[in-house]
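K.L.:
Here you go, one structure.
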Amino acid sequence: MTTHQQRSRRLLLLSSLISALLLTLSFTPVTRADENPNPNATWAAWGLAVDFPNQQLRVRFATYVGDETPQVLDSISGQDITSDCTVHGTLTFDGDYAIFDGQTYIECELPNWGEQAAILAPHMAGFYQGTCDCSPSASPFWISADLVLDPVAAANPVFDGSEVGFTFNLPSNGSSAKTRVTQSSGTFLSPAWTVNPNGNRMLVGRYGPVVEAIVSHFGGLQYLTDSRWKEYFTTQVTGNKMGQWLESPSEYWRTSMAPNYTMNTGSATVQIGYETSTGNMLHGKLRKLRVDPGCRGS
């Protein structure tokens, strides 16, 4: 082998090693904004983001803390937990929508977010106890989805977080549907809204000012094309109100909810497109799902 060939071979090997290192780093994007404890934090939350880029399931998880300004102070973000999820049935696609045909659902194991919250804000000892009595006027709770419901009568469970403390369903008669969020303290049930064959996009939640702060901090919800949702949530979805923003066309609604709900702060199993208590399944197509519940620390 000539000297030139040896040099070329070494350069090729070095290039391969660098590529492998970069590839490894690209799959370990977990980041923390601030390595110091956050003594001013008054609440903590976790976020689950589900989408299907290039017709592949992707599930990401974050734990974060904030204050009543409101703002996000710190986070452990970029946790890809796709490998902790199992597809039951066969997941097929229509563009960037995953098809839930009434026989397919996704099950995911969530990290122990209470332990992560305690790392970010050690003074909130309540997160060590396994459950938290959550005040909606002091901590975030919101769910958002971009989906198309099939024109059939179905219970349409989108997210079953019963092990955590809440569920999210869109019961439909085929032409209209309602939004149902069930927490330990009660159930939010919206008025009927029209099932759009081209898809509906929605945001439902409590403590609107911090919802907007979280979205501003992390990004997302670009599929909500009417920016007026921000003003509605920050000014109207406050106190003990649960509110909803729906597109398209834009509709909004709010109602009072019981003040507190209980949420599990440990690891849990959740389902997307399936309800464990009834066996009901989602009939439709899902492009994006975002789930962000939180609790005020003690």
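Order determines the names: the first chain of the structure tokens is A, the second B, and so forth; residues in each chain are numbered 1 upward, and ligands are numbered 1 upward as they are shown.
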Within 12 Å of A:Gln71, counting only C-alpha atoms, which residues qualify if same-chain residues fewer than 3 places away don't, as a PDB file with N, CA, C and O atoms, in the first residue's frame?
P.N.:
```pdb
ATOM      1  N   ASN A  40     -37.092  30.016  43.172  1.00  0.00           N
ATOM      2  CA  ASN A  40     -38.280  30.828  42.935  1.00  0.00           C
ATOM      3  C   ASN A  40     -39.395  30.066  42.227  1.00  0.00           C
ATOM      4  O   ASN A  40     -40.474  30.628  42.017  1.00  0.00           O
ATOM      5  N   ALA A  41     -39.139  28.823  41.863  1.00  0.00           N
ATOM      6  CA  ALA A  41     -40.168  28.039  41.177  1.00  0.00           C
ATOM      7  C   ALA A  41     -41.342  27.770  42.116  1.00  0.00           C
ATOM      8  O   ALA A  41     -41.153  27.450  43.287  1.00  0.00           O
ATOM      9  N   THR A  42     -42.544  27.920  41.585  1.00  0.00           N
ATOM     10  CA  THR A  42     -43.754  27.645  42.366  1.00  0.00           C
ATOM     11  C   THR A  42     -44.593  26.519  41.771  1.00  0.00           C
ATOM     12  O   THR A  42     -45.547  26.066  42.398  1.00  0.00           O
ATOM     13  N   TRP A  43     -44.278  26.090  40.549  1.00  0.00           N
ATOM     14  CA  TRP A  43     -45.002  24.986  39.938  1.00  0.00           C
ATOM     15  C   TRP A  43     -44.064  24.200  39.030  1.00  0.00           C
ATOM     16  O   TRP A  43     -43.004  24.679  38.634  1.00  0.00           O
ATOM     17  N   ALA A  44     -44.460  22.977  38.752  1.00  0.00           N
ATOM     18  CA  ALA A  44     -43.708  22.114  37.838  1.00  0.00           C
ATOM     19  C   ALA A  44     -44.697  21.414  36.915  1.00  0.00           C
ATOM     20  O   ALA A  44     -45.871  21.243  37.254  1.00  0.00           O
ATOM     21  N   TYR A  64     -40.422  20.657  33.345  1.00  0.00           N
ATOM     22  CA  TYR A  64     -40.009  22.039  33.493  1.00  0.00           C
ATOM     23  C   TYR A  64     -40.678  22.668  34.710  1.00  0.00           C
ATOM     24  O   TYR A  64     -41.682  22.167  35.227  1.00  0.00           O
ATOM     25  N   VAL A  65     -40.083  23.747  35.181  1.00  0.00           N
ATOM     26  CA  VAL A  65     -40.609  24.465  36.344  1.00  0.00           C
ATOM     27  C   VAL A  65     -40.739  25.938  35.999  1.00  0.00           C
ATOM     28  O   VAL A  65     -40.058  26.452  35.103  1.00  0.00           O
ATOM     29  N   GLY A  66     -41.617  26.625  36.728  1.00  0.00           N
ATOM     30  CA  GLY A  66     -41.822  28.034  36.466  1.00  0.00           C
ATOM     31  C   GLY A  66     -42.358  28.759  37.682  1.00  0.00           C
ATOM     32  O   GLY A  66     -42.515  28.174  38.762  1.00  0.00           O
ATOM     33  N   ASP A  67     -42.659  30.044  37.497  1.00  0.00           N
ATOM     34  CA  ASP A  67     -43.188  30.846  38.589  1.00  0.00           C
ATOM     35  C   ASP A  67     -44.484  31.515  38.132  1.00  0.00           C
ATOM     36  O   ASP A  67     -44.987  31.255  37.051  1.00  0.00           O
ATOM     37  N   GLU A  68     -45.001  32.392  38.979  1.00  0.00           N
ATOM     38  CA  GLU A  68     -46.298  32.999  38.711  1.00  0.00           C
ATOM     39  C   GLU A  68     -46.192  34.313  37.946  1.00  0.00           C
ATOM     40  O   GLU A  68     -47.165  35.062  37.871  1.00  0.00           O
ATOM     41  N   ASP A  74     -36.746  26.800  34.129  1.00  0.00           N
ATOM     42  CA  ASP A  74     -35.747  25.775  33.838  1.00  0.00           C
ATOM     43  C   ASP A  74     -36.460  24.538  33.315  1.00  0.00           C
ATOM     44  O   ASP A  74     -37.667  24.351  33.542  1.00  0.00           O
ATOM     45  N   SER A  75     -35.723  23.685  32.631  1.00  0.00           N
ATOM     46  CA  SER A  75     -36.339  22.487  32.075  1.00  0.00           C
ATOM     47  C   SER A  75     -35.305  21.396  31.844  1.00  0.00           C
ATOM     48  O   SER A  75     -34.116  21.666  31.712  1.00  0.00           O
ATOM     49  N   ALA A 138     -52.684  28.184  39.618  1.00  0.00           N
ATOM     50  CA  ALA A 138     -51.273  28.402  39.934  1.00  0.00           C
ATOM     51  C   ALA A 138     -50.339  27.468  39.186  1.00  0.00           C
ATOM     52  O   ALA A 138     -49.142  27.502  39.401  1.00  0.00           O
ATOM     53  N   SER A 139     -50.862  26.631  38.304  1.00  0.00           N
ATOM     54  CA  SER A 139     -50.029  25.697  37.546  1.00  0.00           C
ATOM     55  C   SER A 139     -50.721  25.375  36.231  1.00  0.00           C
ATOM     56  O   SER A 139     -51.941  25.449  36.134  1.00  0.00           O
ATOM     57  N   PRO A 140     -49.978  25.000  35.208  1.00  0.00           N
ATOM     58  CA  PRO A 140     -50.575  24.808  33.885  1.00  0.00           C
ATOM     59  C   PRO A 140     -51.275  23.463  33.739  1.00  0.00           C
ATOM     60  O   PRO A 140     -50.953  22.492  34.415  1.00  0.00           O
ATOM     61  N   PRO A 209     -52.691  32.199  31.094  1.00  0.00           N
ATOM     62  CA  PRO A 209     -51.453  32.981  30.982  1.00  0.00           C
ATOM     63  C   PRO A 209     -50.198  32.122  30.965  1.00  0.00           C
ATOM     64  O   PRO A 209     -49.254  32.416  30.217  1.00  0.00           O
ATOM     65  N   VAL A 210     -50.159  31.069  31.770  1.00  0.00           N
ATOM     66  CA  VAL A 210     -48.952  30.240  31.775  1.00  0.00           C
ATOM     67  C   VAL A 210     -48.918  29.313  30.558  1.00  0.00           C
ATOM     68  O   VAL A 210     -47.844  28.948  30.088  1.00  0.00           O
ATOM     69  N   VAL A 211     -50.086  28.965  30.014  1.00  0.00           N
ATOM     70  CA  VAL A 211     -50.107  28.186  28.767  1.00  0.00           C
ATOM     71  C   VAL A 211     -49.405  28.972  27.664  1.00  0.00           C
ATOM     72  O   VAL A 211     -48.534  28.457  26.949  1.00  0.00           O
ATOM     73  N   GLU A 212     -49.764  30.242  27.540  1.00  0.00           N
ATOM     74  CA  GLU A 212     -49.136  31.084  26.517  1.00  0.00           C
ATOM     75  C   GLU A 212     -47.649  31.247  26.787  1.00  0.00           C
ATOM     76  O   GLU A 212     -46.829  31.240  25.867  1.00  0.00           O
ATOM     77  N   ALA A 213     -47.257  31.358  28.063  1.00  0.00           N
ATOM     78  CA  ALA A 213     -45.837  31.499  28.404  1.00  0.00           C
ATOM     79  C   ALA A 213     -45.055  30.249  28.033  1.00  0.00           C
ATOM     80  O   ALA A 213     -43.919  30.332  27.549  1.00  0.00           O
ATOM     81  N   ILE A 214     -45.640  29.085  28.253  1.00  0.00           N
ATOM     82  CA  ILE A 214     -44.970  27.822  27.921  1.00  0.00           C
ATOM     83  C   ILE A 214     -44.794  27.690  26.416  1.00  0.00           C
ATOM     84  O   ILE A 214     -43.719  27.321  25.927  1.00  0.00           O
ATOM     85  N   VAL A 215     -45.850  28.006  25.664  1.00  0.00           N
ATOM     86  CA  VAL A 215     -45.762  27.919  24.204  1.00  0.00           C
ATOM     87  C   VAL A 215     -44.727  28.909  23.680  1.00  0.00           C
ATOM     88  O   VAL A 215     -43.947  28.596  22.773  1.00  0.00           O
ATOM     89  N   SER A 216     -44.674  30.099  24.261  1.00  0.00           N
ATOM     90  CA  SER A 216     -43.676  31.085  23.840  1.00  0.00           C
ATOM     91  C   SER A 216     -42.267  30.601  24.144  1.00  0.00           C
ATOM     92  O   SER A 216     -41.328  30.870  23.385  1.00  0.00           O
ATOM     93  N   HIS A 217     -42.096  29.877  25.249  1.00  0.00           N
ATOM     94  CA  HIS A 217     -40.771  29.411  25.659  1.00  0.00           C
ATOM     95  C   HIS A 217     -40.288  28.252  24.786  1.00  0.00           C
ATOM     96  O   HIS A 217     -39.147  28.256  24.300  1.00  0.00           O
ATOM     97  N   PHE A 218     -41.148  27.255  24.588  1.00  0.00           N
ATOM     98  CA  PHE A 218     -40.736  26.042  23.883  1.00  0.00           C
ATOM     99  C   PHE A 218     -41.073  26.059  22.390  1.00  0.00           C
ATOM    100  O   PHE A 218     -40.521  25.267  21.622  1.00  0.00           O
TER     101      PHE A 218
END
```
K.L.:
Using only C-alpha atoms, determine which residues lie at most 8 Å from A:Ser256, disregarding the query and same-chain residues fewer than 5 positions distant; provide the list as a ChimeraX atom specification.
P.N.:
/A:240-242
K.L.:
Kindly export the residues of the current selection with N, CA and C atoms, as an mmCIF file, in the first residue's frame.
P.N.:
```
data_model
loop_
_atom_site.group_PDB
_atom_site.id
_atom_site.type_symbol
_atom_site.label_atom_id
_atom_site.label_comp_id
_atom_site.auth_asym_id
_atom_site.auth_seq_id
_atom_site.Cartn_x
_atom_site.Cartn_y
_atom_site.Cartn_z
ATOM 1 N N ASN A 240 -60.540 29.583 37.980
ATOM 2 C CA ASN A 240 -60.993 28.198 37.930
ATOM 3 C C ASN A 240 -61.643 27.847 36.593
ATOM 4 N N LYS A 241 -61.345 28.615 35.551
ATOM 5 C CA LYS A 241 -61.936 28.375 34.238
ATOM 6 C C LYS A 241 -61.150 27.333 33.443
ATOM 7 N N MET A 242 -61.877 26.495 32.724
ATOM 8 C CA MET A 242 -61.307 25.622 31.697
ATOM 9 C C MET A 242 -61.813 26.152 30.368
#
```
K.L.:
Among stretch 33-196 of chain A, which ones does DSSP place in strand (DSSP E or B), written as a VMD selection string?
P.N.:
chain A and resid 43 to 51 58 to 67 71 to 80 85 to 88 92 to 94 97 to 101 105 to 110 131 to 134 141 to 149 153 to 154 157 to 161 166 to 169 172 to 173 176 to 177 180 to 183 186 to 189 193 to 194
K.L.:
Counting only C-alpha atoms, figure out which residue out of A:Phe168, A:Tyr274, A:Trp193, A:Tyr207 gets nearest to A:Ser250.
P.N.:
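Result for the nearest residue to A:Ser250: A:Trp193.
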K.L.:
From the list A:Thr269, A:Gln56, A:Thr104, A:Ser172, which residue is nearest A:Val195 when using only C-alpha atoms?
P.N.:
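That would be A:Ser172, the residue with the smallest distance to A:Val195.
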K.L.:
Which residues are close to A:Cys134, i.e. within 12 Å by only C-alpha atoms, leaving aside same-chain residues fewer than 5 positions away? Reply as number ranges by chain.
P.N.:
A: 42-45, 126-127, 139-141, 165, 183-185, 206-207, 240, 258-265, 293-298
K.L.:
Can you write just those residues out, N, CA, C and O atoms, as a short mmCIF file (atom, residue, chain, number, x, y, z; two decimals), in the first residue's frame?
P.N.:
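Result saved to result.cif:
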```cif
data_model
loop_
_atom_site.label_atom_id
_atom_site.label_comp_id
_atom_site.auth_asym_id
_atom_site.auth_seq_id
_atom_site.Cartn_x
_atom_site.Cartn_y
_atom_site.Cartn_z
N THR A 42 -42.54 27.92 41.59
CA THR A 42 -43.75 27.64 42.37
C THR A 42 -44.59 26.52 41.77
O THR A 42 -45.55 26.07 42.40
N TRP A 43 -44.28 26.09 40.55
CA TRP A 43 -45.00 24.99 39.94
C TRP A 43 -44.06 24.20 39.03
O TRP A 43 -43.00 24.68 38.63
N ALA A 44 -44.46 22.98 38.75
CA ALA A 44 -43.71 22.11 37.84
C ALA A 44 -44.70 21.41 36.92
O ALA A 44 -45.87 21.24 37.25
N ALA A 45 -44.23 21.03 35.76
CA ALA A 45 -45.10 20.38 34.77
C ALA A 45 -44.27 19.47 33.89
O ALA A 45 -43.05 19.56 33.85
N GLY A 126 -43.12 18.41 47.78
CA GLY A 126 -44.33 17.66 47.46
C GLY A 126 -44.17 16.71 46.30
O GLY A 126 -44.90 15.72 46.19
N PHE A 127 -43.21 16.97 45.44
CA PHE A 127 -43.02 16.11 44.28
C PHE A 127 -42.34 14.80 44.63
O PHE A 127 -42.23 13.92 43.78
N SER A 139 -50.86 26.63 38.30
CA SER A 139 -50.03 25.70 37.55
C SER A 139 -50.72 25.37 36.23
O SER A 139 -51.94 25.45 36.13
N PRO A 140 -49.98 25.00 35.21
CA PRO A 140 -50.58 24.81 33.89
C PRO A 140 -51.28 23.46 33.74
O PRO A 140 -50.95 22.49 34.42
N PHE A 141 -52.25 23.44 32.86
CA PHE A 141 -52.83 22.18 32.38
C PHE A 141 -53.39 22.47 31.00
O PHE A 141 -54.28 23.30 30.84
N GLY A 165 -53.91 10.92 35.97
CA GLY A 165 -55.00 11.63 36.62
C GLY A 165 -55.97 12.33 35.70
O GLY A 165 -56.80 13.12 36.16
N GLN A 183 -60.86 15.01 34.84
CA GLN A 183 -59.87 15.06 35.90
C GLN A 183 -60.49 14.48 37.17
O GLN A 183 -61.68 14.19 37.21
N SER A 184 -59.69 14.32 38.20
CA SER A 184 -60.21 13.77 39.44
C SER A 184 -61.29 14.66 40.06
O SER A 184 -62.17 14.18 40.77
N SER A 185 -61.25 15.95 39.75
CA SER A 185 -62.18 16.90 40.34
C SER A 185 -63.45 17.09 39.52
O SER A 185 -64.40 17.73 39.98
N ARG A 206 -56.36 25.02 31.26
CA ARG A 206 -56.61 25.91 32.38
C ARG A 206 -55.37 26.79 32.59
O ARG A 206 -54.29 26.49 32.10
N TYR A 207 -55.55 27.88 33.33
CA TYR A 207 -54.47 28.82 33.63
C TYR A 207 -53.84 29.32 32.33
O TYR A 207 -52.67 29.10 32.06
N ASN A 240 -60.54 29.58 37.98
CA ASN A 240 -60.99 28.20 37.93
C ASN A 240 -61.64 27.85 36.59
O ASN A 240 -62.41 26.89 36.49
N ALA A 258 -64.02 22.54 39.13
CA ALA A 258 -63.63 22.44 40.53
C ALA A 258 -62.19 22.91 40.68
O ALA A 258 -61.37 22.71 39.77
N PRO A 259 -61.84 23.54 41.80
CA PRO A 259 -60.55 24.24 41.89
C PRO A 259 -59.32 23.35 41.81
O PRO A 259 -58.32 23.74 41.24
N ASN A 260 -59.34 22.18 42.41
CA ASN A 260 -58.13 21.36 42.48
C ASN A 260 -58.36 19.97 41.88
O ASN A 260 -59.48 19.46 41.88
N TYR A 261 -57.30 19.37 41.39
CA TYR A 261 -57.34 17.99 40.92
C TYR A 261 -56.05 17.30 41.36
O TYR A 261 -55.03 17.94 41.59
N THR A 262 -56.11 15.99 41.48
CA THR A 262 -54.96 15.21 41.94
C THR A 262 -54.24 14.61 40.75
O THR A 262 -54.88 14.08 39.83
N MET A 263 -52.92 14.68 40.75
CA MET A 263 -52.14 14.13 39.66
C MET A 263 -50.98 13.30 40.19
O MET A 263 -50.33 13.68 41.18
N ASN A 264 -50.73 12.16 39.57
CA ASN A 264 -49.61 11.31 39.92
C ASN A 264 -48.31 11.94 39.43
O ASN A 264 -48.23 12.41 38.30
N THR A 265 -47.30 11.97 40.27
CA THR A 265 -46.03 12.58 39.88
C THR A 265 -44.94 11.55 39.58
O THR A 265 -43.81 11.90 39.31
N PRO A 293 -49.57 18.76 31.54
CA PRO A 293 -50.19 19.00 32.83
C PRO A 293 -49.15 19.40 33.88
O PRO A 293 -47.98 19.04 33.79
N GLY A 294 -49.59 20.16 34.89
CA GLY A 294 -48.66 20.58 35.91
C GLY A 294 -49.29 20.69 37.28
O GLY A 294 -50.51 20.57 37.44
N CYS A 295 -48.46 20.90 38.29
CA CYS A 295 -48.91 21.04 39.67
C CYS A 295 -48.12 22.15 40.36
O CYS A 295 -46.97 22.40 40.03
N ARG A 296 -48.79 22.76 41.33
CA ARG A 296 -48.08 23.70 42.19
C ARG A 296 -47.36 22.91 43.27
O ARG A 296 -47.94 22.02 43.89
N GLY A 297 -46.08 23.21 43.46
CA GLY A 297 -45.29 22.49 44.46
C GLY A 297 -45.62 22.92 45.88
O GLY A 297 -46.26 23.95 46.10
N SER A 298 -45.20 22.11 46.82
CA SER A 298 -45.44 22.44 48.22
C SER A 298 -44.14 22.28 49.01
O SER A 298 -43.19 21.69 48.53
#
```
K.L.:
Based on the backbone DSSP call, show me all residues of stretch 39-159 of chain A assigned alpha helix (DSSP H), as a ChimeraX atom specification.
P.N.:
/A:113-120
K.L.:
Pick the closest to A:Pro197 from A:Ile106, A:Leu246, A:Ala155, A:Leu149: which is it, counting only C-alpha atoms?
P.N.:
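Of A:Ile106, A:Leu246, A:Ala155, A:Leu149, the one nearest A:Pro197 is A:Leu149, counting only C-alpha atoms.
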K.L.:
Between A:Thr187, A:Gly78, A:Thr182, A:Pro70, single out the one closest to A:Gly208, counting only C-alpha atoms.
P.N.:
A:Pro70
K.L.:
Find the residues near A:Asp94: any atom within 9 Å, counting only C-alpha atoms, skip ones fewer than 4 places away on the same chain, and give them as a list of chain:residue names.
P.N.:
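Near neighbours after the sequence-gap exclusion: A:Gln55, A:Ala98, A:Ile99, A:Lys285.
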